[in-house]
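The next block is target17.cif, given as mmCIF, C-alpha atoms and all ligand atoms.
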data_protein
loop_
_atom_site.label_atom_id
_atom_site.label_comp_id
_atom_site.auth_asym_id
_atom_site.auth_seq_id
_atom_site.Cartn_x
_atom_site.Cartn_y
_atom_site.Cartn_z
CA MET A 1 30.96 113.76 3.79
CA SER A 2 31.24 111.95 0.49
CA LEU A 3 31.74 113.72 -2.82
CA ASN A 4 28.08 113.35 -3.69
CA HIS A 5 26.91 116.75 -2.40
CA VAL A 6 25.51 117.75 -5.82
CA ARG A 7 22.87 115.09 -5.13
CA PRO A 8 21.93 115.60 -1.47
CA TRP A 9 20.01 112.34 -1.26
CA ARG A 10 23.39 110.63 -1.59
CA ASP A 11 25.14 112.56 1.18
CA ILE A 12 26.73 110.67 4.03
CA TYR A 13 27.84 112.74 7.00
CA ARG A 14 30.76 110.98 8.60
CA ARG A 15 31.04 110.98 12.36
CA LYS A 16 33.81 113.30 13.49
CA SER A 17 36.66 111.22 14.85
CA ARG A 18 40.22 111.92 15.87
CA GLN A 19 42.83 110.95 13.34
CA ILE A 20 45.58 108.49 14.13
CA MET A 21 48.30 107.00 11.96
CA VAL A 22 48.74 103.33 11.16
CA GLY A 23 52.21 103.57 9.67
CA ASN A 24 51.79 106.02 6.80
CA VAL A 25 48.02 105.48 6.53
CA PRO A 26 45.83 108.03 8.32
CA VAL A 27 42.76 106.55 9.97
CA GLY A 28 39.90 108.76 11.17
CA GLY A 29 39.14 112.43 10.71
CA ASP A 30 38.61 113.15 7.04
CA ALA A 31 40.96 110.39 5.83
CA PRO A 32 39.53 107.97 3.28
CA ILE A 33 38.00 104.91 4.93
CA ALA A 34 40.88 102.42 4.96
CA VAL A 35 40.33 98.85 3.79
CA GLN A 36 42.00 96.07 5.75
CA THR A 37 42.35 92.35 5.57
CA MET A 38 44.26 89.69 7.47
CA THR A 39 46.62 86.98 6.32
CA ASN A 40 45.73 83.33 6.99
CA THR A 41 49.13 81.79 6.31
CA LEU A 42 51.47 80.69 9.07
CA THR A 43 53.25 83.90 10.05
CA THR A 44 56.47 81.91 10.39
CA ASP A 45 56.18 81.08 6.69
CA VAL A 46 57.51 84.46 5.67
CA ALA A 47 57.44 83.87 1.90
CA ALA A 48 53.79 82.73 1.90
CA THR A 49 52.73 85.54 4.22
CA VAL A 50 54.53 88.22 2.22
CA ALA A 51 52.96 86.86 -0.98
CA GLN A 52 49.52 87.13 0.61
CA VAL A 53 50.20 90.64 1.90
CA GLN A 54 51.36 91.70 -1.56
CA ALA A 55 48.31 90.18 -3.27
CA ALA A 56 46.02 91.94 -0.80
CA ALA A 57 47.84 95.25 -1.34
CA GLU A 58 47.60 94.79 -5.11
CA ALA A 59 43.84 94.28 -4.72
CA GLY A 60 43.68 97.59 -2.83
CA ALA A 61 44.23 96.78 0.87
CA ASP A 62 45.55 99.85 2.69
CA ILE A 63 46.55 97.91 5.80
CA VAL A 64 47.10 94.19 6.46
CA ARG A 65 46.92 92.38 9.79
CA VAL A 66 49.12 89.43 10.68
CA SER A 67 48.70 87.10 13.68
CA VAL A 68 51.57 86.93 16.12
CA PRO A 69 50.86 83.95 18.36
CA ASP A 70 54.44 83.07 19.42
CA GLU A 71 58.01 84.30 19.57
CA ALA A 72 58.94 82.73 16.22
CA SER A 73 56.12 84.74 14.62
CA SER A 74 57.48 87.95 16.19
CA LYS A 75 60.81 87.20 14.50
CA ALA A 76 59.13 86.48 11.16
CA LEU A 77 57.13 89.70 11.53
CA LYS A 78 60.28 91.76 11.21
CA GLU A 79 60.95 90.35 7.74
CA ILE A 80 57.30 90.61 6.72
CA VAL A 81 57.22 94.29 7.71
CA ARG A 82 60.38 94.90 5.69
CA GLU A 83 58.88 93.33 2.56
CA SER A 84 55.36 94.67 2.90
CA PRO A 85 54.14 97.52 0.68
CA VAL A 86 51.50 98.47 3.30
CA PRO A 87 51.53 98.96 7.09
CA ILE A 88 51.24 95.77 9.11
CA VAL A 89 49.05 95.38 12.17
CA ALA A 90 50.16 92.70 14.63
CA ASP A 91 47.34 90.66 16.11
CA ILE A 92 48.12 89.89 19.73
CA HIS A 93 46.04 88.01 22.25
CA PHE A 94 46.89 88.09 25.95
CA HIS A 95 50.70 87.78 25.58
CA TYR A 96 52.17 91.14 26.53
CA ARG A 97 55.64 89.99 25.42
CA ARG A 98 54.36 89.45 21.85
CA GLY A 99 53.07 93.02 21.93
CA ILE A 100 56.47 94.38 22.84
CA GLU A 101 58.23 92.16 20.29
CA ALA A 102 55.79 93.17 17.54
CA ALA A 103 56.30 96.87 18.24
CA GLU A 104 60.06 96.32 18.13
CA ALA A 105 59.69 94.32 14.89
CA GLY A 106 58.17 97.37 13.17
CA ALA A 107 54.43 96.68 13.35
CA ALA A 108 52.50 99.86 12.56
CA CYS A 109 49.74 98.96 14.99
CA LEU A 110 49.04 96.41 17.70
CA ARG A 111 45.67 94.80 17.96
CA ILE A 112 45.67 94.20 21.68
CA ASN A 113 43.29 94.73 24.57
CA PRO A 114 45.22 96.39 27.39
CA GLY A 115 42.81 95.03 29.98
CA ASN A 116 43.65 91.45 29.03
CA ILE A 117 47.42 91.44 29.22
CA GLY A 118 48.01 91.31 32.94
CA ASP A 119 49.06 93.73 35.66
CA GLU A 120 49.74 97.44 35.36
CA LYS A 121 53.46 96.93 34.94
CA ARG A 122 52.95 94.79 31.84
CA VAL A 123 50.44 97.22 30.39
CA LYS A 124 52.90 100.06 30.87
CA GLU A 125 55.67 98.09 29.16
CA VAL A 126 53.51 97.39 26.09
CA ILE A 127 52.37 101.01 25.88
CA LYS A 128 55.96 102.19 26.19
CA ALA A 129 57.04 99.85 23.38
CA ALA A 130 54.19 101.13 21.19
CA ARG A 131 55.09 104.73 21.93
CA ASP A 132 58.82 104.19 21.38
CA HIS A 133 58.19 102.58 17.97
CA ASN A 134 55.44 104.88 16.63
CA CYS A 135 52.98 102.08 16.84
CA SER A 136 49.27 102.72 17.28
CA ILE A 137 46.90 100.34 19.07
CA ARG A 138 43.56 98.87 18.12
CA ILE A 139 41.36 97.86 20.98
CA GLY A 140 39.39 94.90 19.66
CA VAL A 141 36.30 94.12 21.72
CA ASN A 142 34.63 90.91 20.62
CA ALA A 143 31.22 89.69 21.82
CA GLY A 144 32.65 86.18 22.02
CA SER A 145 35.41 87.07 24.48
CA LEU A 146 33.91 89.64 26.83
CA GLU A 147 35.41 89.96 30.29
CA LYS A 148 33.88 87.75 32.98
CA HIS A 149 32.78 90.62 35.21
CA LEU A 150 30.81 92.15 32.32
CA LEU A 151 29.14 88.86 31.46
CA GLU A 152 28.17 88.51 35.13
CA LYS A 153 26.86 92.07 35.22
CA TYR A 154 24.86 91.89 31.98
CA GLY A 155 24.06 88.17 31.84
CA GLU A 156 25.04 87.78 28.18
CA PRO A 157 26.94 89.65 25.45
CA CYS A 158 24.91 92.78 24.69
CA PRO A 159 25.70 96.22 23.21
CA GLU A 160 26.02 97.84 26.66
CA ALA A 161 28.53 95.22 27.82
CA MET A 162 30.59 95.64 24.66
CA VAL A 163 30.65 99.43 24.96
CA GLU A 164 31.59 99.20 28.63
CA SER A 165 34.40 96.78 27.79
CA GLY A 166 35.67 99.15 25.11
CA LEU A 167 35.59 102.13 27.46
CA GLU A 168 37.47 100.21 30.14
CA HIS A 169 40.29 99.44 27.70
CA ILE A 170 40.27 103.03 26.45
CA ARG A 171 40.58 104.30 30.02
CA ILE A 172 43.72 102.23 30.58
CA LEU A 173 45.38 103.75 27.50
CA GLN A 174 44.27 107.27 28.42
CA ASP A 175 45.49 106.85 32.00
CA ASN A 176 48.86 106.10 30.44
CA ASP A 177 48.60 109.21 28.26
CA PHE A 178 48.38 107.09 25.10
CA HIS A 179 45.93 108.40 22.52
CA GLU A 180 46.97 106.79 19.23
CA PHE A 181 44.27 104.17 19.34
CA LYS A 182 41.21 103.04 17.44
CA ILE A 183 38.53 100.65 18.53
CA SER A 184 36.32 97.88 17.23
CA VAL A 185 33.32 96.20 18.89
CA LYS A 186 32.70 93.15 16.75
CA ALA A 187 30.09 90.42 16.93
CA SER A 188 29.01 87.80 14.44
CA ASP A 189 25.41 88.94 14.94
CA VAL A 190 24.59 91.91 12.72
CA PHE A 191 22.12 93.48 15.18
CA LEU A 192 24.48 93.17 18.14
CA SER A 193 27.38 94.58 16.14
CA ALA A 194 25.41 97.50 14.77
CA ALA A 195 24.02 98.46 18.19
CA ALA A 196 27.44 98.14 19.87
CA TYR A 197 29.09 100.26 17.18
CA GLN A 198 26.44 102.96 17.51
CA GLY A 199 27.00 102.98 21.27
CA ILE A 200 30.78 103.23 21.04
CA ALA A 201 30.52 105.87 18.29
CA GLU A 202 28.63 108.09 20.73
CA ALA A 203 30.84 107.35 23.69
CA THR A 204 34.24 108.20 22.19
CA ASP A 205 35.83 110.22 19.42
CA ALA A 206 38.38 107.49 18.71
CA PRO A 207 38.53 106.27 15.12
CA ILE A 208 36.41 103.17 14.60
CA HIS A 209 37.47 99.93 12.95
CA LEU A 210 34.34 98.25 11.57
CA GLY A 211 33.84 94.56 11.14
CA ILE A 212 31.27 91.81 11.47
CA THR A 213 33.33 89.00 12.89
CA GLU A 214 33.17 85.41 11.65
CA ALA A 215 30.71 86.54 8.99
CA GLY A 216 30.85 83.28 7.04
CA GLY A 217 31.74 82.17 3.53
CA LEU A 218 32.10 84.32 0.45
CA VAL A 219 28.41 84.76 -0.36
CA SER A 220 26.80 84.68 3.09
CA GLY A 221 29.62 86.66 4.68
CA THR A 222 29.51 89.27 1.96
CA ILE A 223 25.80 89.77 2.47
CA LYS A 224 26.10 89.93 6.25
CA SER A 225 28.96 92.43 5.99
CA ALA A 226 27.19 94.51 3.39
CA ILE A 227 24.15 94.79 5.63
CA GLY A 228 26.01 95.35 8.90
CA LEU A 229 28.88 97.53 7.69
CA GLY A 230 26.79 99.15 4.98
CA ASN A 231 24.21 100.26 7.51
CA LEU A 232 26.85 101.74 9.85
CA LEU A 233 28.82 103.40 7.06
CA TRP A 234 25.60 104.91 5.75
CA MET A 235 25.07 106.40 9.23
CA GLY A 236 28.56 107.90 8.95
CA ILE A 237 30.20 105.46 11.39
CA GLY A 238 33.49 103.79 10.53
CA ASP A 239 37.02 104.93 9.66
CA THR A 240 38.50 101.62 8.55
CA ILE A 241 36.82 98.35 7.65
CA ARG A 242 37.65 94.69 7.51
CA VAL A 243 35.30 92.22 5.91
CA SER A 244 35.83 88.83 7.59
CA LEU A 245 35.22 85.95 5.21
CA SER A 246 36.15 82.29 5.23
CA ALA A 247 37.82 83.02 1.89
CA ASP A 248 40.99 84.38 0.36
CA PRO A 249 42.03 87.77 1.86
CA VAL A 250 41.92 89.23 -1.67
CA GLU A 251 38.17 88.50 -1.69
CA GLU A 252 37.81 90.38 1.61
CA VAL A 253 39.50 93.40 0.07
CA LYS A 254 37.33 93.26 -3.04
CA VAL A 255 34.14 93.01 -0.99
CA GLY A 256 35.30 95.84 1.30
CA PHE A 257 35.89 98.08 -1.67
CA GLU A 258 32.57 97.15 -3.25
CA ILE A 259 30.73 98.12 -0.05
CA LEU A 260 32.52 101.48 0.03
CA LYS A 261 32.00 101.99 -3.71
CA SER A 262 28.28 101.27 -3.41
CA LEU A 263 28.01 104.09 -0.87
CA GLY A 264 30.22 106.47 -2.85
CA LEU A 265 32.71 106.52 0.04
CA ARG A 266 35.69 105.31 -1.99
CA HIS A 267 36.33 104.78 -5.64
CA ARG A 268 38.78 102.36 -7.14
CA GLY A 269 38.94 100.56 -10.43
CA VAL A 270 36.15 100.00 -12.90
CA ASN A 271 32.64 100.13 -11.52
CA ILE A 272 30.70 97.85 -13.86
CA ILE A 273 27.00 98.53 -14.19
CA SER A 274 25.36 95.56 -15.88
CA CYS A 275 21.86 94.23 -16.29
CA PRO A 276 20.82 90.76 -15.11
CA SER A 277 20.00 89.92 -18.77
CA CYS A 278 16.82 88.34 -20.13
CA ALA A 279 15.37 87.09 -23.41
CA ARG A 280 15.86 90.54 -24.94
CA GLN A 281 19.66 90.50 -24.59
CA GLY A 282 21.59 91.13 -27.79
CA PHE A 283 24.70 89.28 -26.47
CA ASP A 284 25.62 87.04 -23.52
CA VAL A 285 25.69 89.65 -20.75
CA ILE A 286 26.65 87.31 -17.89
CA LYS A 287 29.66 85.74 -19.66
CA THR A 288 30.77 89.12 -20.97
CA VAL A 289 30.70 90.73 -17.52
CA GLU A 290 32.59 87.79 -15.99
CA THR A 291 35.31 88.12 -18.64
CA LEU A 292 35.48 91.90 -18.37
CA GLU A 293 35.76 91.78 -14.57
CA ARG A 294 38.80 89.53 -14.95
CA ARG A 295 40.38 91.47 -17.78
CA LEU A 296 39.91 94.85 -16.11
CA GLU A 297 41.21 93.86 -12.68
CA HIS A 298 44.46 95.73 -13.33
CA ILE A 299 42.72 99.11 -13.72
CA LYS A 300 42.97 101.10 -10.49
CA THR A 301 41.71 104.45 -11.75
CA PRO A 302 38.10 104.99 -10.72
CA MET A 303 35.79 104.90 -13.73
CA SER A 304 32.48 103.43 -14.81
CA LEU A 305 31.43 100.98 -17.50
CA SER A 306 27.90 99.95 -18.45
CA ILE A 307 27.28 96.60 -20.08
CA ILE A 308 23.58 96.34 -20.88
CA GLY A 309 21.83 93.67 -22.88
CA CYS A 310 19.46 95.81 -24.92
CA VAL A 311 18.11 99.27 -25.62
CA VAL A 312 15.47 99.07 -22.85
CA ASN A 313 18.02 100.36 -20.31
CA GLY A 314 21.28 100.57 -22.28
CA PRO A 315 21.25 104.17 -23.53
CA GLY A 316 20.00 105.48 -20.17
CA GLU A 317 22.73 103.73 -18.18
CA ALA A 318 25.38 104.66 -20.76
CA LEU A 319 24.51 108.33 -20.24
CA MET A 320 26.07 108.14 -16.78
CA THR A 321 29.13 106.02 -17.51
CA ASP A 322 32.56 106.66 -19.04
CA VAL A 323 32.32 103.71 -21.42
CA GLY A 324 29.22 101.72 -22.32
CA PHE A 325 28.02 98.94 -24.54
CA THR A 326 24.39 98.21 -25.35
CA GLY A 327 23.30 95.10 -27.21
CA GLY A 328 21.47 95.58 -30.49
CA GLY A 329 20.33 93.37 -33.34
CA ALA A 330 22.20 91.32 -35.94
CA GLY A 331 25.16 90.38 -33.74
CA SER A 332 26.37 93.88 -32.91
CA GLY A 333 25.78 96.65 -30.40
CA MET A 334 26.46 100.31 -29.73
CA VAL A 335 29.56 101.63 -27.97
CA TYR A 336 29.03 104.75 -25.86
CA LEU A 337 31.86 107.07 -24.86
CA ALA A 338 31.35 109.72 -22.18
CA GLY A 339 27.61 109.10 -22.29
CA LYS A 340 27.21 109.54 -26.06
CA ALA A 341 26.55 106.90 -28.72
CA SER A 342 29.87 106.61 -30.55
CA HIS A 343 30.05 103.66 -32.94
CA LYS A 344 28.77 100.16 -33.63
CA MET A 345 30.82 97.09 -32.75
CA SER A 346 30.31 93.39 -33.45
CA ASN A 347 29.64 91.11 -30.49
CA GLU A 348 32.72 89.01 -31.35
CA GLN A 349 35.14 91.92 -31.14
CA MET A 350 33.34 93.72 -28.38
CA ILE A 351 35.29 92.42 -25.35
CA ASP A 352 38.74 93.30 -26.74
CA HIS A 353 37.38 96.61 -27.92
CA ILE A 354 35.83 97.52 -24.54
CA VAL A 355 39.07 96.58 -22.73
CA GLU A 356 40.95 98.88 -25.12
CA GLN A 357 38.49 101.72 -24.61
CA VAL A 358 38.63 101.37 -20.81
CA GLU A 359 42.45 101.28 -20.81
CA LYS A 360 42.52 104.37 -23.01
CA LYS A 361 40.09 106.23 -20.76
CA ALA A 362 42.06 105.19 -17.64
CA ALA A 363 45.29 106.51 -19.21
CA GLU A 364 43.55 109.81 -20.05
CA LEU A 365 42.21 110.17 -16.50
CA GLU A 366 45.62 109.33 -15.01
CA ALA A 367 47.36 111.88 -17.24
CA ALA A 368 44.79 114.54 -16.30
CA ALA A 369 45.26 113.76 -12.60
CA GLU A 370 49.04 114.00 -12.96
CA ALA A 371 48.78 117.32 -14.80
CA ALA A 372 46.56 118.68 -12.03
CA GLU A 373 49.10 117.83 -9.30
S1 LIG B 1 18.40 95.74 -20.23
FE1 LIG B 1 17.37 94.52 -21.79
S2 LIG B 1 18.47 92.56 -21.75
FE2 LIG B 1 19.00 93.60 -19.86
S3 LIG B 1 17.52 92.79 -18.40
FE3 LIG B 1 16.69 94.72 -19.18
S4 LIG B 1 15.38 94.13 -20.87
FE4 LIG B 1 16.69 92.34 -20.43
#
If you convert what's in this file into structure tokens, what do you get?
Amino acid sequence: MSLNHVRPWRDIYRRKSRQIMVGNVPVGGDAPIAVQTMTNTLTTDVAATVAQVQAAAEAGADIVRVSVPDEASSKALKEIVRESPVPIVADIHFHYRRGIEAAEAGAACLRINPGNIGDEKRVKEVIKAARDHNCSIRIGVNAGSLEKHLLEKYGEPCPEAMVESGLEHIRILQDNDFHEFKISVKASDVFLSAAAYQGIAEATDAPIHLGITEAGGLVSGTIKSAIGLGNLLWMGIGDTIRVSLSADPVEEVKVGFEILKSLGLRHRGVNIISCPSCARQGFDVIKTVETLERRLEHIKTPMSLSIIGCVVNGPGEALMTDVGFTGGGAGSGMVYLAGKASHKMSNEQMIDHIVEQVEKKAAELEAAAEAAE
């Protein structure tokens, strides 16, 4: 459940799942919902890939996935793992050898479907490599690559076919006494994804990796993901999420966090509450928020900031935020601290002043958290 139990209409009851480890990041059980992304550089370009992993981690990614399509990538993976501040998941398709190499290279998790890598002997070899190297596995069912026999049975990709595919892969791992796995059942269609995830959530207690695959560009993909993932997370389904966008991985991480923040499931950085602005605004709200978002990116401590154009909603919103600014008349507005009107500030100096106030508050909160440890 989230921390919102003082307001029961905000409660989310998370599905009870087993907990596994992806490197040092717990996934499932009562662990925070982990945010993932995936690099889009050539894996063999170690410097570019490490830079992207680091940028994603800096933006808040808990786990990063890297494609391993060939032997040269397996070799590069070893260096990437060594340099990465977060656990690396190796994305493997069909090639059982890549799976073994990735486990040996230090991947924290293999994204591989055991039913698609050949005969039993090969499956056993990959599972052994994963076990020997403390590597978990993500079964990744995708509506676009369902097994032929399931497409023949069901006629087209449908939730039942996706769940059945997932359970077949799970059975292979369980038959080999391997239980450190999580599962995803992705589709680019929101309805298909949501139904498949609900089905798999009922059919297994494995941790669930949520994603709407090939969701689209920054705006359309964000909306699709917010609807699809948001709906499932609200139902309590999902232990780790990846937002798939045709955009920079850092954007995926930001959107993932915003979805979780909107539902009160995770908190990170400054949550800015701002009005859309209108003729009543006492300062340029849109420009101010754009600037503040950029200037406050470095703050990781969860806190809230309200930036409201006028007194219609300003004082009310400021009541519930750590720092607030409400536009007033004559080129100045009111600064609120901990919900209370504190002092006036001119519009020209307001941005620097708000940044200062937020940094100060973040330092206070960090010191209090340290003292409590
Ligand atoms: S808070 Fe004031 S400025 Fe902002 S949208 Fe509402 S009325 Fe307009």
Determine, counting all atoms listed in the file, which protein, DNA and RNA residues have an atom within 7 Å of an atom of range 173-186 of chain A; residues of the same chain fewer than 4 positions away are not included. Present the result as an MDAnalysis selection string.
-> chainID A and resid 20 136:143 162 169 193 196:197 206:213
Expected selection as an MDAnalysis selection string for ligand LIG 1 (chain B) within 7 Å, all atoms listed in the file = chainID A and resid 275:282 308:314
Neighbour list for range 361-363 of chain A as a list in words, cut-off 8 Å, only C-alpha atoms, skip fewer than 4 positions in-chain | Ile299, Thr301, Pro302, Met303, Asp322, Gln357 and Ala367 of chain A
Choose the residue, out of A:Gly329, A:Pro87, A:Gly324, A:Pro114, that has the smallest atom-to-atom separation from Ile172 in chain A; count all atoms listed in the file.
->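 Looking at the shortest contact to Ile172 in chain A, the residue is A:Pro114.
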By how many Å are CA of Ile241 in chain A and CA of Pro8 in chain A apart?
->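 So the answer is 24.5 Å.
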Would you mind telling me which residue in A:Ala61, A:Val190, A:Ala161, A:Ala130 lies nearest to Ala215 in chain A when using only C-alpha atoms?
-> A:Val190
Excluding same-chain residues fewer than 6 positions from range 201-205 of chain A, what lies within 10 Å of it counting all atoms listed in the file, as a list in words?
-> Arg15, Lys16, Ser17, Arg18, Gln19, Gly28, Gly29, Val163, Glu164, Gly166, Leu167, Ile170, Lys182, Ile183, Ser184, Ala195, Gly236, Ile237 and Gly238 of chain A
Any chance you could export the current selection's C-alpha atoms as a tab-separated table (two decimals), in the coordinates of the input?
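Printed below is part-v5.tsv as written:
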chain	number	residue	atom	x	y	z
A	15	ARG	CA	31.04	110.98	12.36
A	16	LYS	CA	33.81	113.30	13.49
A	17	SER	CA	36.66	111.22	14.85
A	18	ARG	CA	40.22	111.92	15.87
A	19	GLN	CA	42.83	110.95	13.34
A	28	GLY	CA	39.90	108.76	11.17
A	29	GLY	CA	39.14	112.43	10.71
A	163	VAL	CA	30.65	99.43	24.96
A	164	GLU	CA	31.59	99.20	28.63
A	166	GLY	CA	35.67	99.15	25.11
A	167	LEU	CA	35.59	102.13	27.46
A	170	ILE	CA	40.27	103.03	26.45
A	182	LYS	CA	41.21	103.04	17.44
A	183	ILE	CA	38.53	100.65	18.53
A	184	SER	CA	36.32	97.88	17.23
A	195	ALA	CA	24.02	98.46	18.19
A	236	GLY	CA	28.56	107.90	8.95
A	237	ILE	CA	30.20	105.46	11.39
A	238	GLY	CA	33.49	103.79	10.53
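The space between CA of Thr43 in chain A and CA of Lys128 in chain A spans 24.5 Å.
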To one decimal in Å, tell me the separation between CA of Thr321 in chain A and CA of Asp239 in chain A.
->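 Interatomic distance here is 28.3 Å.
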Using all atoms listed in the file, which of A:Val270, A:Ala247, A:Ala194, A:Val66 sits nearest Gly217 in chain A?
-> A:Ala247
